[in-house]
Every structure is written in C-alpha cells, then in structure tokens.
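J.: I am attaching a structure below and will ask some questions about it afterwards.
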Amino acid sequence: MNESIREEADDTGDEAGTVQTGSSQIREGTIASGRFNILSTMVGGGSLSLPLAFQKTGNGFVAPMLLLIVACMTEFCFRTLTTSARTLSPPDHNKRGQDSYESIASAAFGRKAYVMSTILVTAMCFFGTVAYAVLLRDMLQPISEYIFGRSTSGPTWENNVTMLTVVVVVTPLCTLKTLTALQRFGALGMFSVLVLGSCIVYRSIECTAHHADDWKAAFQWGPNSLRDVLDVFPLFVSCYVCHYNIPVVHNELRNPTTARVAWWLKSTTWSATLFYMLMGVAGSAYAPCAALKELHGNVLLDFDNDDPVVMVGRMCLALTITLAFPMLTIPARDIVLRTLCSSRTSSALTTELSLEEEIDFEEPLLADHNNEEGEVAQRDDNQKQHSFGLLLFASIGVFWTAALLASCVSSIDIVWELLGSSLSIFMSYLIPCGSYLVIIRMQQAFQTDISWKDRMSVMIAWFLVLLFIPLMFLSSANAVYKVFLR
C-alpha cells in the first residue's frame, strides 16, 4: 500500500514537471552532452552581430572587457538558477529532476510569476525560431538561386520553399523528449560554427595583410560616444540567452554534484566567450575591407556573395541554425504541453469531486485498494499515450507556425532590437537573480550560520538587480527611439 502511494505521488510530480511518454526517468546526461546542448542554444546567428558591437564599442579594449563582464554576470545567473533548483528540490541522483525556469520563478513569486515567465520563455523561443528561420532563408539563398535560376533576396516563394523544405526535414528532431538525445547534433553544430569562425578569421587576416597601412585604423580603444555602447549592449546580452534551458539540462545531468554542475556551467560559458571574442575581434578587423568601412548587423553581408571561403561559412551557419531549431522548439513545446496537461488535470479533479458528492453514503468508507491501483495504472497508461500524441502535435504546431511566420518576414532586425533590449535582460538577469534572492532568504531563515560565499552571492545578486532594472528601461527606450523615431 505504501509503495502504491509513493508511485502515485511520483506520477503526480512527473505530470506536473515533464510530459510522460513511457520512457524511463533515469538521468542520462553527461557534462559533455549538457555543454553541447547549451552551446547549441547559445551560440548561433547572434554571433554574427558581435563584429558590429566590437566596432562600435572599441575592439581594442572596451568591447573585449564588456564581453568578459557580461560573461561573468551570465555564469553567475546560471549558478543562481541551479542553486535555486537544488534548494527547492535536492537532486535525486537516480531520477531525473522536475525543475523548470517557470517553476523556479513560481516558487519565488507565486502563480502570477509562473504565468509571466511561461509567456516570456515561450515568446523568446518562438521569436528566436522565427529569427533563425529568416536567417536560414538568407543563408540558403545561393541554393535557391541554383535550383530556381533566380537571384532575389527576401521572402520570395523560391527562398521560402527552400527554407520550409529544411524545416520539414528537421521536424523529427523537434519531437524528441529530452535535450540529451541531441548530444551528437549539438557537437556537429558547434563544429560547423568553428568552421564559420575560421572562415571569417582567414578573410580578416587576409584583409589586414593587404591593407597594411589601414589595419591600425580597424582597431580603437573605446567607443566614439556612450550612445554607441547603449545601441549595441543588447547584442552582448542576446548572445548568452539560453537561461530557460539551464534547469532542463540540469534535470538530466548524471551525478549532479555541486562540483560537476559548476564545471559544466563554467566550461560552457567560457567556451562560448572564447568563440565570441574571436568572432568580435576578427570580424571587426575586416572593416577596412568593407564597402562602406562600416559593418552590417550580419557580418556575412560585408563579404562578396560569390566568395568561396565565405560560402563554406554560410553553409556551416545554415547547418548550425538547422540543428539549433530543436533547442528552441522543445522548451516552448514542453510549456504548451504542461499547460494543456495542467488544464486537463484540473478539469478531471473538478469532475471527480462532483461525482463524489453524489456517492451514496451506504457505500463502504474503505474502497478496494487493488481495484483502485488498477484504475490508477490504466489512467497513467492512457495519459502516456495521450501525451505522446500531444508531443507530436505540439512540436509540429510550434515549429511550423514559426516557420510560416518567418516566410512573411523580410527582416527580423526590429524584433531583435526590441526583444534584446527588454525581454532578454528581464529573462537573463532579473528573474534568475530575483528568484534566487527570495528562495535563499527562505532557506537562510532556518539557518544560524551563513557562509561568506552565500553572503557574497546575495550581494552580487542584489547588485545585478539594481543595475539591470534601470538599464532595461534605458535600453528599451533607446531601442524604441532607434527603431521608430530616429
């Protein structure tokens, strides 16, 4: 009887945290798989805007320092998410965790925070998918030209057909249950990104070698004005947005000790930072060879379309974007499924309570437990089968809707300007730090001895909250002015 109660409780917890599809709940993730999964979400098309950010803020000193500062703050926020998750539910090394970005926010600030964070994560993932689909369409334009014999940019039917064909091919990856299953694809995506970076570095070195008199002009110590820093600061922040996947990957990490989790987060953050530094410095150094001596938001647009070296980089970026689609679709899909399952569970409980009110009091107060356990097992089996159907439906619905929307969009720059300046800061820094402060305060209420590390972490979290609240409003106002009024 006690075993059946525990099993039913576990089923309830699983239903609230993850969607059941009949597979085991054993932790299968390694540090390598976790690193590749987060890097696949983090590193991608956003890195193509870093050369512009480095050029605007000073690629000789200020831009590298700003990137390092953002990296340190990002790693700290990653740690706040895992610390909050471990505080709320200490990890069971034999069973996969059930924490999510939304559940952490809900534990700290209540039901409204859960709804808000759910909408926020879904919006970021959905519009990220739209942006990547638009970028993929641009990268595949040479293939569209080769197939259809027309050289036109933008959302033409030829370019959209090529992009949507890739979307259909990659859709099966978006129906996988866990991110750990994408380990090999994440490694392939990272290799493709490295090839892209190598192509840009090669052309940049070639440019400086052929313009020996101008190469010093490509480097400057700082920005021309503070307005330039404010314009491109969201680009630094957007390159590290992947916070919604940190609890998900942490749930799947095998033997999630504090040391292993810390190494996973540190190696992931600084691997991305090293690549970003390379892209920013090398890409901005190409400015003397650019047509107008000014770089575009997408540095690939500053190279000739028929450049064979850059063509290799374009195809590698297309592969990276394609393999990143599941990393953006799966979190949004799981949120949709959790919402549907939660609504259905609430409806079922309401129905059961209504039926209980009509039960005749002559029935025995103690029911047949064997029969009850059989009914529970049958209901769980039906739930698993139904959830698998929802898995397919939600994956296709989220992914294809974003792709169809992308086929109508000529440029996603305006969306990124607005989202990067407000929602990215809110989701990447304010929610993780705010949730951490509330959860740790509840824990410390029962402690008599608080370590200096915990005190220091609380001070840093408060500093980031006080820093990013005015910075978020300032960046948002600047983005609105830049997009609509300038």
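By convention here, the chains of the structure tokens are called A, B, ... in the order presented, each chain's residues are numbered starting at 1, and ligands are numbered starting at 1 in the order presented.
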Compile the contact shell of Arg254 (chain A) as a short mmCIF file (atom, residue, chain, number, x, y, z; two decimals) with N, CA and C atoms, in the first residue's frame: residues with an atom at most 9 Å away, counting only C-alpha atoms, same-chain residues fewer than 5 positions apart removed.

T.:
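Output (around_10.cif):
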```cif
data_model
loop_
_atom_site.label_atom_id
_atom_site.label_comp_id
_atom_site.auth_asym_id
_atom_site.auth_seq_id
_atom_site.Cartn_x
_atom_site.Cartn_y
_atom_site.Cartn_z
N ILE A 26 15.45 8.07 -15.72
CA ILE A 26 16.82 8.00 -15.24
C ILE A 26 17.63 9.14 -15.83
N ARG A 27 18.54 9.71 -15.02
CA ARG A 27 19.43 10.76 -15.51
C ARG A 27 20.43 10.16 -16.49
N GLU A 28 20.45 10.68 -17.69
CA GLU A 28 21.33 10.14 -18.73
C GLU A 28 22.32 11.16 -19.26
N GLY A 29 22.20 12.42 -18.84
CA GLY A 29 23.05 13.46 -19.39
C GLY A 29 24.45 13.46 -18.81
N THR A 30 25.43 13.75 -19.63
CA THR A 30 26.81 13.92 -19.20
C THR A 30 27.17 15.40 -19.27
N ILE A 31 28.34 15.74 -18.73
CA ILE A 31 28.79 17.12 -18.81
C ILE A 31 28.98 17.53 -20.27
N HIS A 93 19.96 11.45 -7.40
CA HIS A 93 20.93 11.02 -8.41
C HIS A 93 20.43 9.85 -9.24
N ASN A 94 19.36 9.21 -8.82
CA ASN A 94 18.83 8.06 -9.54
C ASN A 94 17.60 8.40 -10.38
N ARG A 96 15.51 11.59 -12.75
CA ARG A 96 15.60 12.88 -13.42
C ARG A 96 14.82 13.94 -12.64
#
```

J.: Determine, counting only C-alpha atoms, which protein, DNA and RNA residues have an atom within 8 Å of an atom of Leu67 (chain A); residues of the same chain fewer than 6 positions away are not included. Present the result as JSON, numbers by chain.

T.: {"A": [236, 273, 277]}

J.: Now that the selection is made, can you save its residues with C-alpha atoms as a PDB file, in the first residue's frame?

T.:
```pdb
ATOM      1  CA  PHE A 236      26.219  41.327 -25.991  1.00  0.00           C
ATOM      2  CA  THR A 273      33.062  33.555 -24.658  1.00  0.00           C
ATOM      3  CA  MET A 277      35.951  37.067 -28.604  1.00  0.00           C
TER       4      MET A 277
END
```

J.: Would you mind reading off the distance between CA of Phe109 (chain A) and CA of His243 (chain A), one decimal, in Å?

T.: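 It comes out at 17.9 Å.
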
J.: Just the residues within 9 Å of region 159-163 of chain A, please, counting only C-alpha atoms, with nothing from its chain fewer than 3 positions along; format it as a PyMOL selection string.

T.: chain A and resi 133-134+136-138+140-141+143-145+152-156+166-168+403-404+406-408

J.: Please write the residues from the selection above to a file, keeping C-alpha atoms, as an mmCIF file, in the first residue's frame.

T.:
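Below is the file result30.cif, written as the result:
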```cif
data_model
loop_
_atom_site.group_PDB
_atom_site.id
_atom_site.type_symbol
_atom_site.label_atom_id
_atom_site.label_comp_id
_atom_site.auth_asym_id
_atom_site.auth_seq_id
_atom_site.Cartn_x
_atom_site.Cartn_y
_atom_site.Cartn_z
ATOM 1 C CA ALA A 133 14.225 30.669 -39.920
ATOM 2 C CA VAL A 134 14.653 34.087 -41.562
ATOM 3 C CA LEU A 136 18.356 30.285 -42.594
ATOM 4 C CA ARG A 137 16.425 31.504 -45.617
ATOM 5 C CA ASP A 138 19.108 34.127 -46.258
ATOM 6 C CA LEU A 140 20.218 29.209 -48.334
ATOM 7 C CA GLN A 141 19.705 31.882 -50.984
ATOM 8 C CA ILE A 143 20.930 27.143 -53.199
ATOM 9 C CA SER A 144 17.584 28.702 -54.138
ATOM 10 C CA GLU A 145 19.304 30.592 -56.936
ATOM 11 C CA THR A 152 16.337 37.559 -55.463
ATOM 12 C CA SER A 153 16.586 38.169 -51.747
ATOM 13 C CA GLY A 154 13.862 38.357 -49.147
ATOM 14 C CA PRO A 155 10.670 36.326 -48.654
ATOM 15 C CA THR A 156 10.176 35.198 -52.248
ATOM 16 C CA VAL A 166 14.720 22.178 -44.442
ATOM 17 C CA VAL A 167 12.129 22.828 -41.722
ATOM 18 C CA VAL A 168 10.183 19.708 -42.707
ATOM 19 C CA ALA A 403 8.481 28.884 -39.912
ATOM 20 C CA LEU A 404 5.343 30.071 -41.716
ATOM 21 C CA ALA A 406 9.206 33.690 -40.955
ATOM 22 C CA SER A 407 8.208 33.196 -44.585
ATOM 23 C CA CYS A 408 6.305 36.501 -44.374
#
```

J.: Mind checking which residues fall within 8 Å of Met315 (chain A), counting only C-alpha atoms, ignoring those fewer than 3 positions away in the same chain, and posting them as a PDB file with N, CA and C atoms, in the first residue's frame?

T.:
```pdb
ATOM      1  N   MET A 139      20.730  32.399 -45.671  1.00  0.00           N
ATOM      2  CA  MET A 139      21.926  31.591 -45.894  1.00  0.00           C
ATOM      3  C   MET A 139      21.738  30.609 -47.049  1.00  0.00           C
ATOM      4  N   LEU A 140      20.498  30.182 -47.273  1.00  0.00           N
ATOM      5  CA  LEU A 140      20.218  29.209 -48.334  1.00  0.00           C
ATOM      6  C   LEU A 140      19.902  29.868 -49.670  1.00  0.00           C
ATOM      7  N   MET A 311      31.343  31.227 -48.595  1.00  0.00           N
ATOM      8  CA  MET A 311      30.254  30.313 -48.937  1.00  0.00           C
ATOM      9  C   MET A 311      30.291  29.073 -48.046  1.00  0.00           C
ATOM     10  N   VAL A 312      31.491  28.579 -47.766  1.00  0.00           N
ATOM     11  CA  VAL A 312      31.622  27.455 -46.832  1.00  0.00           C
ATOM     12  C   VAL A 312      31.093  27.856 -45.457  1.00  0.00           C
ATOM     13  N   ALA A 318      24.225  27.687 -41.861  1.00  0.00           N
ATOM     14  CA  ALA A 318      22.911  27.107 -42.151  1.00  0.00           C
ATOM     15  C   ALA A 318      22.732  25.790 -41.411  1.00  0.00           C
ATOM     16  N   LEU A 319      23.789  24.971 -41.367  1.00  0.00           N
ATOM     17  CA  LEU A 319      23.719  23.707 -40.633  1.00  0.00           C
ATOM     18  C   LEU A 319      23.565  23.954 -39.138  1.00  0.00           C
TER      19      LEU A 319
END
```

J.: Determine the nearest neighbour of Ala287 (chain A) from the options A:Thr320, A:Ser204, A:Thr258, A:Thr165, counting only C-alpha atoms.

T.: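 Checking each of A:Thr320, A:Ser204, A:Thr258, A:Thr165 against Ala287 (chain A), counting only C-alpha atoms, the winner is A:Ser204.
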
J.: What is the CA of Ser106 (chain A)-CA of Val438 (chain A) distance in Å, reported with one decimal?

T.: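 Rounded to one decimal, the two atoms are 10.9 Å apart.
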
J.: Excluding same-chain residues fewer than 3 positions from region 101-103 of chain A, what lies within 9 Å of it counting only C-alpha atoms, as a ChimeraX atom specification?

T.: /A:17,81,85,98,106-108,113-118,121,243-248,335,432

J.: Of the candidates A:Ala218, A:Tyr429, A:Ser451, A:Leu253, which shows the shortest atom-to-atom distance to Phe463 (chain A), using only C-alpha atoms?

T.: A:Tyr429

J.: Could you work out how far CA of Tyr276 (chain A) lies from CA of Ala461 (chain A), giving the answer in Å with one decimal?

T.: 24.8 Å

J.: Nearest to Asn305 (chain A): which of A:Gly280, A:Pro326, A:Pro223, A:Pro142 is it, counting only C-alpha atoms?

T.: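 Among A:Gly280, A:Pro326, A:Pro223, A:Pro142, it is A:Pro142 that comes nearest to Asn305 (chain A).
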